Structure formats: structure tokens, C-alpha cells
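Okay, target-v9.txt is below, compact mmCIF, C-alpha atoms and all ligand atoms:
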```txt
# COMPACT_ATOMS: atom_id res chain seq x y z
CA MET A 1 -77.12 74.15 34.57
CA ARG A 2 -80.49 72.56 34.30
CA SER A 3 -79.31 70.19 31.56
CA VAL A 4 -76.26 69.17 33.60
CA LEU A 5 -78.49 68.39 36.53
CA ALA A 6 -80.84 66.47 34.30
CA GLY A 7 -77.86 64.53 32.98
CA ILE A 8 -76.68 63.63 36.46
CA LEU A 9 -80.19 62.58 37.40
CA PHE A 10 -80.43 60.53 34.24
CA CYS A 11 -77.19 58.73 35.03
CA PHE A 12 -78.35 58.10 38.52
CA LEU A 13 -81.69 56.67 37.50
CA PHE A 14 -80.61 54.73 34.46
CA PRO A 15 -76.97 53.79 34.96
CA SER A 16 -77.07 50.88 32.57
CA LEU A 17 -78.50 52.99 29.78
CA VAL A 18 -75.70 55.54 29.75
CA TRP A 19 -72.80 53.29 30.74
CA ALA A 20 -70.88 52.56 27.54
CA GLY A 21 -68.29 50.26 29.16
CA GLY A 22 -68.67 46.68 30.24
CA GLU A 23 -70.62 45.23 33.12
CA LEU A 24 -69.86 42.42 35.52
CA ARG A 25 -73.08 40.42 35.66
CA GLY A 26 -72.11 37.74 38.11
CA VAL A 27 -69.48 35.46 39.58
CA ARG A 28 -69.91 31.69 39.57
CA LEU A 29 -67.81 29.16 41.46
CA SER A 30 -67.51 25.45 40.84
CA ASN A 31 -65.26 22.70 42.11
CA ASN A 32 -63.98 19.79 40.12
CA GLN A 33 -61.32 17.27 41.15
CA GLY A 34 -59.56 19.63 43.51
CA LYS A 35 -59.68 22.51 41.09
CA THR A 36 -61.80 25.54 41.65
CA ARG A 37 -63.24 27.32 38.66
CA VAL A 38 -64.24 30.94 38.91
CA VAL A 39 -66.32 32.38 36.08
CA LEU A 40 -66.94 36.09 35.72
CA ASP A 41 -69.95 36.73 33.50
CA LEU A 42 -69.44 39.90 31.52
CA SER A 43 -71.45 42.00 29.11
CA GLN A 44 -68.49 42.28 26.77
CA SER A 45 -64.95 41.03 26.49
CA ALA A 46 -62.48 42.40 29.00
CA GLU A 47 -58.77 43.05 29.27
CA PRO A 48 -58.28 42.15 32.92
CA LYS A 49 -55.24 43.10 34.94
CA LEU A 50 -54.31 40.42 37.42
CA LEU A 51 -52.33 40.58 40.60
CA THR A 52 -51.59 38.03 43.30
CA MET A 53 -50.95 38.87 46.90
CA ARG A 54 -49.79 36.84 49.85
CA ASP A 55 -50.59 36.79 53.54
CA PRO A 56 -53.50 36.52 53.09
CA HIS A 57 -53.45 34.97 49.65
CA ARG A 58 -55.56 36.76 47.10
CA LEU A 59 -56.06 36.92 43.38
CA VAL A 60 -56.99 40.44 42.35
CA ILE A 61 -58.74 41.01 39.04
CA ASP A 62 -59.02 44.58 37.81
CA LEU A 63 -61.48 45.22 35.02
CA PRO A 64 -60.79 48.62 33.45
CA GLY A 65 -63.90 50.21 31.99
CA PHE A 66 -66.24 47.84 33.81
CA LYS A 67 -68.96 48.42 36.35
CA MET A 68 -71.11 46.08 38.38
CA ALA A 69 -74.44 45.41 36.75
CA PRO A 70 -77.33 46.43 39.04
CA ASN A 71 -78.32 43.83 41.63
CA THR A 72 -75.24 41.72 41.06
CA ASP A 73 -74.15 39.65 44.02
CA VAL A 74 -70.55 38.52 43.92
CA ALA A 75 -70.34 36.79 47.28
CA GLY A 76 -69.45 33.14 47.43
CA SER A 77 -67.04 30.61 48.80
CA LEU A 78 -66.08 27.22 47.43
CA GLY A 79 -62.97 25.09 47.22
CA LEU A 80 -59.86 27.22 47.14
CA VAL A 81 -61.91 30.39 47.17
CA LYS A 82 -62.74 31.55 50.67
CA GLY A 83 -64.56 34.64 49.55
CA VAL A 84 -65.28 37.01 46.70
CA ARG A 85 -65.37 40.78 47.00
CA ALA A 86 -65.81 43.59 44.52
CA GLY A 87 -65.36 47.33 44.64
CA TYR A 88 -64.10 50.29 42.69
CA ARG A 89 -60.55 51.55 42.68
CA SER A 90 -59.77 55.25 42.92
CA ASN A 91 -59.27 55.33 39.15
CA GLY A 92 -62.78 53.97 38.65
CA ASP A 93 -61.74 50.44 37.64
CA LEU A 94 -63.84 47.62 38.95
CA ARG A 95 -61.80 45.32 41.16
CA VAL A 96 -62.77 41.77 42.02
CA VAL A 97 -60.82 40.09 44.81
CA LEU A 98 -60.75 36.34 45.32
CA ASP A 99 -59.66 35.43 48.83
CA LEU A 100 -57.80 32.14 48.57
CA SER A 101 -57.26 29.50 51.21
CA SER A 102 -53.73 28.89 49.91
CA ILE A 103 -51.56 30.05 47.10
CA ALA A 104 -52.77 28.44 43.96
CA SER A 105 -51.73 28.48 40.38
CA ALA A 106 -54.27 30.11 38.13
CA ARG A 107 -54.95 29.71 34.48
CA ASP A 108 -57.18 32.29 32.92
CA SER A 109 -59.04 32.16 29.68
CA ARG A 110 -61.48 34.42 27.93
CA LEU A 111 -64.53 32.88 26.39
CA GLY A 112 -66.89 34.50 23.91
CA PRO A 113 -70.68 34.10 23.87
CA SER A 114 -71.89 30.54 23.49
CA GLY A 115 -75.34 29.08 24.07
CA ASP A 116 -76.90 30.61 27.15
CA TYR A 117 -73.65 32.28 28.13
CA GLY A 118 -72.22 35.63 27.15
CA HIS A 119 -68.63 36.81 27.48
CA ARG A 120 -66.80 35.09 30.30
CA LEU A 121 -63.53 35.31 32.07
CA VAL A 122 -62.60 31.93 33.48
CA PHE A 123 -60.00 31.24 36.16
CA ASP A 124 -59.01 27.69 36.99
CA LEU A 125 -57.35 27.63 40.35
CA SER A 126 -55.34 24.64 41.26
CA SER A 127 -53.50 23.69 44.39
CA SER A 128 -51.84 20.72 42.78
CA GLY A 129 -48.64 20.72 40.79
CA ASN A 130 -45.28 22.11 41.69
CA LEU A 131 -46.41 25.69 41.89
CA THR A 132 -48.61 25.22 44.84
CA ALA A 133 -46.10 24.60 47.54
CA MET A 134 -45.87 28.27 48.23
CA LYS A 135 -47.02 27.74 51.77
CA THR A 136 -44.98 29.86 54.06
CA ALA A 137 -42.38 28.02 56.06
CA LYS A 138 -42.96 27.43 59.74
CA ASP A 139 -46.49 28.71 59.43
CA VAL A 140 -47.47 28.17 63.04
CA PRO A 141 -50.69 29.92 64.00
CA GLY A 142 -50.24 32.45 66.78
CA LYS A 143 -46.48 32.50 66.44
CA GLY A 144 -44.63 34.49 63.86
CA ARG A 145 -42.68 32.63 61.24
CA ASP A 146 -39.14 33.23 60.09
CA VAL A 147 -38.38 35.39 57.11
CA VAL A 148 -37.02 32.90 54.58
CA ILE A 149 -34.10 33.92 52.40
CA ALA A 150 -33.39 31.67 49.42
CA ILE A 151 -29.72 31.96 48.56
CA ASP A 152 -28.83 30.78 45.12
CA ALA A 153 -25.19 30.09 44.32
CA GLY A 154 -25.00 30.53 40.56
CA HIS A 155 -23.96 27.74 38.19
CA GLY A 156 -22.53 24.47 39.59
CA GLY A 157 -21.71 20.95 38.43
CA LYS A 158 -21.17 20.78 34.69
CA ASP A 159 -21.69 24.53 34.43
CA PRO A 160 -18.60 26.25 35.91
CA GLY A 161 -19.78 29.78 35.13
CA ALA A 162 -17.03 32.27 34.37
CA THR A 163 -13.37 31.43 34.92
CA GLY A 164 -10.68 33.87 36.06
CA ARG A 165 -7.12 34.11 34.78
CA LYS A 166 -5.81 32.16 37.76
CA GLY A 167 -8.34 29.45 37.06
CA THR A 168 -10.82 30.56 39.73
CA ARG A 169 -14.21 29.15 38.86
CA GLU A 170 -17.30 31.22 39.45
CA LYS A 171 -19.28 28.21 40.66
CA ASP A 172 -16.81 27.64 43.52
CA VAL A 173 -16.44 31.16 44.84
CA VAL A 174 -20.16 31.93 44.65
CA LEU A 175 -20.90 28.76 46.61
CA ALA A 176 -18.44 29.83 49.31
CA ILE A 177 -20.03 33.29 49.49
CA SER A 178 -23.53 31.80 49.51
CA ARG A 179 -22.65 29.45 52.37
CA ALA A 180 -21.14 32.32 54.34
CA LEU A 181 -24.28 34.34 53.76
CA ALA A 182 -26.56 31.43 54.73
CA LYS A 183 -24.67 30.98 57.99
CA ARG A 184 -25.15 34.66 58.82
CA VAL A 185 -28.83 34.65 57.88
CA ASP A 186 -29.41 31.65 60.17
CA GLN A 187 -27.75 33.50 63.05
CA GLN A 188 -30.11 36.40 62.54
CA PRO A 189 -33.18 36.35 64.82
CA GLY A 190 -36.37 35.72 62.86
CA MET A 191 -34.54 34.73 59.69
CA LYS A 192 -33.81 31.45 58.03
CA ALA A 193 -31.73 30.61 54.95
CA VAL A 194 -32.35 28.05 52.26
CA LEU A 195 -29.53 27.25 49.83
CA THR A 196 -30.67 26.22 46.36
CA ARG A 197 -27.49 24.17 46.13
CA ASP A 198 -25.07 23.28 48.90
CA GLY A 199 -22.53 21.47 46.81
CA ASP A 200 -21.10 21.34 43.33
CA ARG A 201 -24.39 20.43 41.69
CA TYR A 202 -25.96 21.45 38.44
CA LEU A 203 -29.44 22.89 38.82
CA ASN A 204 -31.43 24.42 36.03
CA LEU A 205 -33.00 27.80 36.56
CA ARG A 206 -36.45 26.33 37.04
CA GLU A 207 -35.23 24.04 39.83
CA ARG A 208 -33.69 27.02 41.59
CA MET A 209 -36.94 28.96 41.51
CA ASP A 210 -38.95 25.91 42.56
CA LYS A 211 -36.77 25.34 45.58
CA ALA A 212 -37.24 28.93 46.73
CA ARG A 213 -40.96 28.67 46.23
CA LYS A 214 -41.23 25.32 48.00
CA HIS A 215 -39.66 26.84 51.09
CA GLY A 216 -41.92 29.88 50.98
CA ALA A 217 -39.03 32.26 50.39
CA ASP A 218 -39.56 35.94 51.09
CA LEU A 219 -36.48 36.85 49.09
CA PHE A 220 -34.52 35.14 46.36
CA ILE A 221 -30.93 36.20 46.03
CA SER A 222 -28.71 34.79 43.33
CA ILE A 223 -24.95 35.13 43.84
CA HIS A 224 -22.64 35.43 40.84
CA ALA A 225 -19.29 36.80 39.73
CA ASP A 226 -19.14 38.84 36.58
CA ALA A 227 -16.75 38.36 33.69
CA VAL A 228 -15.96 40.30 30.56
CA SER A 229 -13.22 39.95 27.96
CA SER A 230 -11.43 43.05 29.22
CA SER A 231 -9.55 42.69 32.49
CA GLN A 232 -10.32 46.29 33.48
CA PRO A 233 -13.89 46.32 34.80
CA ARG A 234 -14.25 45.44 38.42
CA GLY A 235 -16.59 45.88 41.34
CA ALA A 236 -20.03 44.74 42.40
CA SER A 237 -23.42 45.27 40.77
CA VAL A 238 -26.96 44.35 41.71
CA TYR A 239 -29.61 43.41 39.19
CA VAL A 240 -33.34 42.88 39.25
CA VAL A 241 -35.42 41.34 36.53
CA SER A 242 -37.00 43.46 33.88
CA GLU A 243 -39.90 42.56 31.67
CA ARG A 244 -39.38 45.62 29.55
CA GLY A 245 -35.81 45.36 28.42
CA ALA A 246 -32.49 45.87 30.07
CA THR A 247 -31.20 49.09 31.63
CA SER A 248 -28.17 48.99 29.40
CA GLU A 249 -26.66 46.97 26.59
CA ALA A 250 -24.17 45.58 29.09
CA ALA A 251 -27.03 44.40 31.28
CA ARG A 252 -28.61 42.69 28.29
CA LEU A 253 -25.40 40.87 27.42
CA LEU A 254 -24.91 39.82 31.01
CA ALA A 255 -28.44 38.43 31.18
CA GLU A 256 -27.77 36.46 28.01
CA ARG A 257 -24.63 35.01 29.51
CA GLU A 258 -26.17 34.06 32.84
CA ASN A 259 -29.30 32.69 31.22
CA ALA A 260 -27.15 30.55 28.96
CA ALA A 261 -26.48 28.43 32.05
CA ASP A 262 -29.69 26.64 31.29
CA LEU A 263 -28.66 25.80 27.76
CA VAL A 264 -26.00 23.60 29.31
CA GLY A 265 -28.81 21.49 30.65
CA GLY A 266 -30.52 21.34 27.27
CA VAL A 267 -33.47 23.44 28.30
CA THR A 268 -34.43 26.20 25.94
CA LEU A 269 -35.45 29.39 27.58
CA ALA A 270 -37.23 30.95 24.66
CA ASN A 271 -40.12 28.58 25.15
CA ARG A 272 -42.81 30.84 26.53
CA GLU A 273 -45.20 27.92 26.45
CA ASP A 274 -43.24 26.43 29.31
CA MET A 275 -43.81 29.54 31.26
CA VAL A 276 -47.55 29.06 31.16
CA ALA A 277 -47.06 26.84 34.17
CA TYR A 278 -45.96 29.95 35.96
CA THR A 279 -49.27 31.53 35.27
CA LEU A 280 -49.12 33.92 38.12
CA LEU A 281 -45.78 35.09 36.87
CA ASP A 282 -46.67 38.13 34.87
CA LEU A 283 -49.53 38.96 37.13
CA SER A 284 -47.54 39.91 40.14
CA GLN A 285 -44.31 40.81 38.45
CA ASP A 286 -44.80 44.54 38.76
CA MET A 287 -45.28 44.32 42.47
CA SER A 288 -42.30 42.09 43.04
CA ILE A 289 -40.09 44.25 40.81
CA THR A 290 -40.78 47.20 43.08
CA ARG A 291 -39.84 45.14 46.15
CA SER A 292 -36.83 43.75 44.32
CA MET A 293 -35.62 47.26 43.50
CA GLU A 294 -35.98 48.22 47.16
CA VAL A 295 -34.00 45.29 48.51
CA GLY A 296 -31.49 45.69 45.68
CA GLU A 297 -30.83 49.30 46.69
CA GLU A 298 -30.25 48.27 50.31
CA VAL A 299 -27.79 45.55 49.33
CA LEU A 300 -26.01 47.79 46.85
CA GLN A 301 -25.66 50.51 49.44
CA GLU A 302 -24.00 48.08 51.86
CA LEU A 303 -21.75 46.63 49.17
CA GLY A 304 -20.68 50.15 48.28
CA LYS A 305 -19.33 50.58 51.81
CA MET A 306 -16.86 47.73 51.44
CA ALA A 307 -16.12 47.39 47.76
CA LYS A 308 -15.92 49.36 44.61
CA LEU A 309 -19.24 49.37 42.81
CA HIS A 310 -19.30 48.60 39.14
CA ARG A 311 -22.73 50.22 38.87
CA SER A 312 -23.99 52.58 41.53
CA HIS A 313 -27.64 51.88 40.77
CA VAL A 314 -29.64 48.70 40.65
CA GLN A 315 -29.70 47.49 37.06
CA GLN A 316 -32.54 45.76 35.29
CA ALA A 317 -32.10 42.88 32.90
CA GLY A 318 -34.05 39.84 31.74
CA PHE A 319 -32.67 37.23 34.10
CA MET A 320 -34.63 34.00 33.98
CA VAL A 321 -33.60 32.95 37.43
CA LEU A 322 -35.20 36.05 38.94
CA LYS A 323 -38.60 35.51 37.40
CA SER A 324 -40.32 34.25 40.49
CA PRO A 325 -43.81 35.52 40.97
CA ASP A 326 -44.45 37.06 44.35
CA ILE A 327 -40.87 36.64 45.54
CA PRO A 328 -38.68 39.74 45.43
CA SER A 329 -35.54 38.59 43.67
CA ILE A 330 -32.12 40.08 43.10
CA LEU A 331 -28.95 38.95 41.42
CA VAL A 332 -25.67 40.10 42.93
CA GLU A 333 -22.60 40.17 40.71
CA THR A 334 -20.18 40.27 43.62
CA ALA A 335 -17.09 41.22 41.60
CA PHE A 336 -15.42 40.67 38.24
CA ILE A 337 -13.67 37.34 38.17
CA SER A 338 -12.04 38.60 34.95
CA ASN A 339 -10.27 41.37 36.86
CA PRO A 340 -7.05 40.14 38.54
CA SER A 341 -7.52 41.93 41.86
CA ASP A 342 -11.22 41.13 42.03
CA GLU A 343 -10.29 37.52 41.31
CA SER A 344 -7.81 37.49 44.20
CA ASN A 345 -10.42 39.05 46.45
CA LEU A 346 -13.01 36.47 45.45
CA ARG A 347 -10.62 33.66 46.41
CA SER A 348 -10.00 35.13 49.85
CA SER A 349 -12.24 33.71 52.57
CA ASP A 350 -11.96 37.02 54.39
CA TYR A 351 -13.28 38.87 51.41
CA GLN A 352 -16.03 36.28 50.93
CA ALA A 353 -17.04 36.81 54.56
CA THR A 354 -17.03 40.58 54.15
CA LEU A 355 -19.21 40.32 51.06
CA ALA A 356 -21.61 38.07 52.97
CA ASP A 357 -21.70 40.57 55.85
CA SER A 358 -22.57 43.40 53.48
CA VAL A 359 -25.31 41.49 51.71
CA LEU A 360 -26.72 40.41 55.08
CA ARG A 361 -26.87 44.01 56.29
CA GLY A 362 -28.73 45.01 53.13
CA ILE A 363 -31.23 42.19 53.61
CA VAL A 364 -31.77 42.94 57.30
CA ASP A 365 -32.27 46.65 56.57
CA PHE A 366 -34.85 45.82 53.95
CA PHE A 367 -36.87 43.42 56.11
CA ASN A 368 -36.61 45.68 59.14
CA LYS A 369 -38.30 48.39 57.10
CA THR A 370 -40.93 46.17 55.52
CA PRO A 371 -41.33 42.91 57.44
CA PRO A 372 -43.73 40.48 55.74
CA GLU A 373 -47.01 39.98 57.55
CA GLY A 374 -47.09 37.09 59.97
CA THR A 375 -43.35 36.99 60.59
CA LEU A 376 -41.50 37.19 63.89
CA LEU A 377 -39.84 40.28 62.49
CA ALA A 378 -43.22 41.95 62.03
CA GLN A 379 -44.13 41.04 65.63
CA ASN A 380 -40.86 41.80 67.35
CA GLY A 381 -39.81 44.87 65.41
CA PRO A 382 -36.47 45.73 63.83
CA GLN A 383 -33.51 43.47 64.66
CA ARG A 384 -29.86 44.38 64.74
CA VAL A 385 -27.45 42.64 62.45
CA ARG A 386 -25.77 39.81 64.29
CA GLY A 387 -23.06 37.34 63.54
CA SER A 388 -20.57 39.62 61.86
CA PRO A 389 -17.47 39.23 64.00
CA VAL A 390 -14.86 41.93 63.57
CA ARG A 391 -11.93 40.63 61.59
CA HIS A 392 -9.26 42.14 59.53
CA GLN A 393 -9.85 42.37 55.83
CA GLU A 394 -7.52 42.11 52.96
CA TYR A 395 -7.67 44.12 49.83
CA VAL A 396 -5.77 43.61 46.59
CA ILE A 397 -4.70 46.82 44.87
CA ALA A 398 -6.07 47.33 41.40
CA ARG A 399 -5.00 49.70 38.67
CA GLY A 400 -6.22 53.22 39.43
CA ASP A 401 -6.52 52.70 43.18
CA THR A 402 -5.08 55.29 45.52
CA LEU A 403 -4.36 54.75 49.19
CA SER A 404 -6.54 57.65 50.28
CA GLU A 405 -9.47 56.36 48.23
CA ILE A 406 -9.11 52.90 49.78
CA ALA A 407 -8.92 54.46 53.25
CA SER A 408 -12.14 56.36 52.74
CA ARG A 409 -13.85 53.35 51.17
CA TYR A 410 -13.13 51.27 54.27
CA ASN A 411 -13.74 54.17 56.59
CA VAL A 412 -10.28 54.10 58.18
CA SER A 413 -7.83 56.96 58.49
CA LEU A 414 -4.99 57.18 56.00
CA GLY A 415 -2.44 57.06 58.85
CA HIS A 416 -4.07 53.97 60.34
CA LEU A 417 -4.07 52.23 56.98
CA ARG A 418 -0.41 53.13 56.41
CA SER A 419 0.72 51.90 59.81
CA ALA A 420 -1.29 48.68 59.55
CA ASN A 421 0.67 47.90 56.41
CA GLY A 422 4.03 49.36 57.36
CA LEU A 423 3.90 51.87 54.54
CA ARG A 424 6.18 54.89 54.69
CA ASN A 425 4.42 56.78 51.93
CA ASP A 426 1.28 56.49 49.82
CA SER A 427 2.77 54.63 46.91
CA ILE A 428 1.15 51.28 46.20
CA ARG A 429 1.40 48.84 43.33
CA VAL A 430 -1.16 46.76 41.46
CA GLY A 431 -1.55 43.33 43.00
CA GLN A 432 -0.23 44.38 46.40
CA VAL A 433 -2.28 43.01 49.29
CA LEU A 434 -3.30 45.53 51.93
CA ARG A 435 -4.41 44.68 55.39
CA ILE A 436 -7.46 46.75 56.24
CA PRO A 437 -7.64 47.51 59.96
CA THR A 438 -11.05 47.27 61.59
CA GLY A 439 -12.55 48.29 64.91
ZN ZN A 501 -22.88 33.79 36.85
```
In C-alpha cells, write the structure found in this file.
Amino acid sequence: MRSVLAGILFCFLFPSLVWAGGELRGVRLSNNQGKTRVVLDLSQSAEPKLLTMRDPHRLVIDLPGFKMAPNTDVAGSLGLVKGVRAGYRSNGDLRVVLDLSSIASARDSRLGPSGDYGHRLVFDLSSSGNLTAMKTAKDVPGKGRDVVIAIDAGHGGKDPGATGRKGTREKDVVLAISRALAKRVDQQPGMKAVLTRDGDRYLNLRERMDKARKHGADLFISIHADAVSSSQPRGASVYVVSERGATSEAARLLAERENAADLVGGVTLANREDMVAYTLLDLSQDMSITRSMEVGEEVLQELGKMAKLHRSHVQQAGFMVLKSPDIPSILVETAFISNPSDESNLRSSDYQATLADSVLRGIVDFFNKTPPEGTLLAQNGPQRVRGSPVRHQEYVIARGDTLSEIASRYNVSLGHLRSANGLRNDSIRVGQVLRIPTG
């Protein structure tokens, strides 16, 4: 007992003598040509974990196994850095927070001892370059801004995407669905849509991400139609990006196919060097994957009410187009263009509208639950889904469908469904178009 007490006392009196980990000895700020350099002076090299946060903008640096050296003052403000704070996390890690005046790109490097200096962790923050325009749209002080939804119609221009048996091109149907979704988002109070392309244009994946970022998007949603060599698979799936490998082999193959869009434009995706520009990418990926999963679940749930789901859980795969730091991002494979009845559905403007309605409901549910700080939605509270006029829907029968299953999927009674289609019994045939009563 006595020795334990002595040990505690020893630690208390001589922390630096018994602390085997590293120490943060100081934080220095300097400004040069619009760039702000932040140097953390350390007693030994560190493996920092970095995280960016928005509203307010922060760069968070966790230093596992580090403590503050005695009498270290980390306060300061210069250039892009409005303030510096430090504290300990519940797991004991030292956390340094840089409060930023705007979202900046950051490059970090680790330097070993040299001259008068010991180990250093250096962050160069820059508000120039194409990464910086992450300012939130309509950022009017005192008045909440709109939640911005970036809607990305996959493919376009010289890249048609997948093609169905009837010649339906993915790039065309996903643009129609994206436009329908954008219209609905714009009708929604406190929400605003940005289309990455509003025409038959080719955009590389980088340009799509940049556009979302430039408009301060709170969500990036990429709209696609799936295709496989077999005509059997059908239904919708929702994907989020994964840094750690795909949920399934199918997800991996799909990611390869969708990512190949960029090869059309002659840009190689394997070039990680390129990605250095997106320095904050990996830093905040974990956080945005969690948000992406949440919004993906909401959208999938709504899609499941109107269509057959190909996968009943959000899938993860290495989609390039979803790798936007800080922006929750999902990819919706609305249906299989390679399946004849899905293809017919995709061509139908009614079905496109119904898909858009479902995705909208998922998005609204998500932002109602977790409105971003500073938005009208955060100020005014949950909003009801607007702009989804009641209309009749059409549904093309696929192999394996039964009338009762379709009735329950659309939440109508079997009798109602029969009478709306003049059916005397429950026999249906593949390719037959059913009118789905609503209201
Ligand atoms: Zn696609």
C-alpha cells in the first residue's frame, strides 16, 4: 500500500521522469504567402490521427501516447488558424484542435531532429487551390442556410454507362432520375439541389466531387443503374465507399466497373499521388462513412417500399466518386438495366418519379434526424416531405413475381390491385405492365 502511494506521489511530482511516451513541447504558427504553417514540437516522432470537422471548421490532431510537457502553452492565432486548444480524450490520447477560419486543405509532414529543432509535426494549411471552396452555400450570418444536396447523374457524354437490351443507356435514365430528384429537393423547405451535370456531358470523377465541394454540399448522391451479364438480377442497391475492401465480391466488381468511367477520360485512378491534393481525404473518411451509412440506410428503406431491393443492406465498395472528405456520400444503383423489366421501369417517367420520391424521403428523413449546424433545418425543426404528388405507378412484371407480393410491396390490397388492372384471377405474365393504384 505504502509503495503504491509512493508511486502515485512520484508520478504526481515528477511526471516527466516516469512518462515513457512522447510529449508535446509547443505549438508554433507562421504565415507565408497566404499559407499558415502549424508546427507541433515533439519529444519523439508521433503517429498522429487526423480528423476534420465543419461548422465550425476544425482540424483535430490526436497524438496517441503523448502528453503535454509541463508549462506548455498551446494558445495562438494566426492566418487561417483562429485558435489552438489541447486536452485529453477519454482514452488518454492527447488531442490538439486547430480552430480554422475556413475549410482549408492541409498537408502534413513529419520532420526528424535537425539543428535546434527536435521531432516536429508540420501542417501547411492553405486556402488556395480547388479544395478550398468548401464554404457553405448561402452562408448568411443570422439566417440558416439550405441543406445542399449534390446529385450526380452517373456517366454522360462519351461514357454511356451500361446499356440495356432495348438499347436504354444508363447515362440517359440516370439523368432523368437525377433531374426529377433535384426538382423535388428544390421544392423541399430548407433544401437546395446541385446537379453535377444537367445534360449529356462527360465529367470525370474528380470534377464531380469538386462541383459538390464548391457548392458546400451536405450530401453527395450518385445515381446509377446496375448491369450484369445475366438478365436475372434486378432491384435497387445502395453503396457507400469503403477504404477497407468491399462488402462482397460483387460490390468489388461493381466498383471496378463504375470507376472505369474515368478511364474513358484517360485519367488513371491508381495514382495515389494525385490524391495527395485531397489531403483531408483519409482524415475525415471514417466520420463521413458513418454518416454515409446512416443516410444510405434511410434511402434504402424508402426504396424498399416501392421496389424490389437487390441488397437489403447498404453495401461498401471502393467507389472513387464517393471519396469526398467531409461530405457523406452514397451511390444508388436504382435498378438493373440488364434486367428486362427493370429496364422497362427505368424508361418510364412514372417510375423515375417514384424512384426520385423514395430517394427524397430517405434524404429528408436523414436530415430531419441530424440537421447540419447552421442550417434552416436545424433552426426550424423537422420538415415534411413535399412535392410528391399522388400519381398512378406502373410496374412491369418480372420472372418470379406474384400478384400478392406486388400488392404488399406497394401497400395496396390484392382486390384493389386486381380491379385496377381488370384481372379476374392472380395469374400474371413476365413483361405485363400493371397499373398500381395509389391513394
Ligand atoms: Zn453506373
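Using only C-alpha atoms, the protein and nucleic acid residues lying no more than 7 Å from A:Ala236, apart from those fewer than 2 places from it along its own chain, are Val238, Lys308, Leu309, His310, Glu333, Thr334 and Ala335 of chain A.
Ranking A:Asp41, A:Glu302, A:Glu170, A:Glu394 by their shortest atom-to-atom distance to ligand ZN 501 (chain A), with only C-alpha atoms and all ligand atoms included, puts A:Glu170 first.
Minimum atom-to-atom distances from A:Asn204, A:Thr36, A:Thr375, A:Ser114 to A:Gly144 were compared using only C-alpha atoms, and the lowest value belongs to A:Thr375.
Closest approach to ligand ZN 501 (chain A) among A:Gly79, A:Gly415, A:Gly422, A:Pro160: A:Pro160, based on all atoms listed in the file.
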Step by step, measure atom-to-atom distances between ligand ZN 501 (chain A) and each residue using all atoms listed in the file, keep those at most 7 Å, then write them as a tab-separated table (two decimals) with C-alpha atoms, keeping the file's coordinate frame.
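Output contents, as saved in pocket03.tsv:
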```
chain	number	residue	atom	x	y	z
A	154	GLY	CA	-25.00	30.53	40.56
A	155	HIS	CA	-23.96	27.74	38.19
A	161	GLY	CA	-19.78	29.78	35.13
A	162	ALA	CA	-17.03	32.27	34.37
A	170	GLU	CA	-17.30	31.22	39.45
A	224	HIS	CA	-22.64	35.43	40.84
A	225	ALA	CA	-19.29	36.80	39.73
A	226	ASP	CA	-19.14	38.84	36.58
A	258	GLU	CA	-26.17	34.06	32.84
```
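Nearest to A:Tyr410 of all the residues A:Lys369, A:Arg110, A:Arg435, A:Lys82 is A:Arg435, counting all atoms listed in the file.
For the pair atom CA of A:Ile61 and atom CA of A:Val148, the separation is 27.9 Å.
For the atom pair formed by atom CA of A:Met53 and atom CA of A:Thr370, the distance is 15.1 Å, given to one decimal.
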**Prompt:** Could you pull the residues within 8 Å of A:Ala86, counting only C-alpha atoms, minus those fewer than 4 positions along the same chain, as an NGL selection string?
**Reply:** :A and (74 or 94-97)
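From atom CA of A:Val185 back to atom CA of A:Asp146, the distance works out to 10.6 Å.
Checking A:Ser349, A:Asn91, A:Thr163, A:Ser288 one by one against A:Arg54, counting all atoms listed in the file, you find the shortest gap at A:Ser288.
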**Request:** List every protein, DNA or RNA residue with an atom no more than 6 Å from (-22.0, 25.6, 49.1) in the file's coordinates, counting all atoms listed in the file, and format the result as JSON, numbers by chain.
**Result:** {"A": [175, 176, 179, 198, 199]}
**Asked** Hey, what's within 10 Å of A:Ala356 if we count all atoms listed in the file and toss same-chain stuff fewer than 2 positions away? As a PyMOL selection string, please?
**Response** chain A and resi 176-185+303+334+350-354+358-362+388
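Each of A:Thr52, A:Thr290, A:Ser127, A:Asn380 was compared to A:Gly34 using all atoms listed in the file, and A:Ser127 turns out to be the nearest.
Within 10 Å of A:Leu331, once all atoms listed in the file are used and residues closer than 5 positions along the same chain are dropped, the contacting residues are A:Asp152, A:Gly154, A:Phe220, A:Ile221, A:Ser222, A:Ile223, A:His224, A:Ser237, A:Val238, A:Tyr239, A:Val240, A:Val241, A:Ser292, A:Gly296, A:Val314, A:Gln315, A:Gln316, A:Ala317, A:Phe319, A:Val321, A:Leu322.
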**Request:** Do a neighbour search on A:Val60 at 12 Å with only C-alpha atoms, toss out local chain neighbours closer than 3 positions, and write the hits as a ChimeraX atom specification.
**Result:** /A:48-54,56-57,63,83-87,89,94-100,106,123,280,283-284
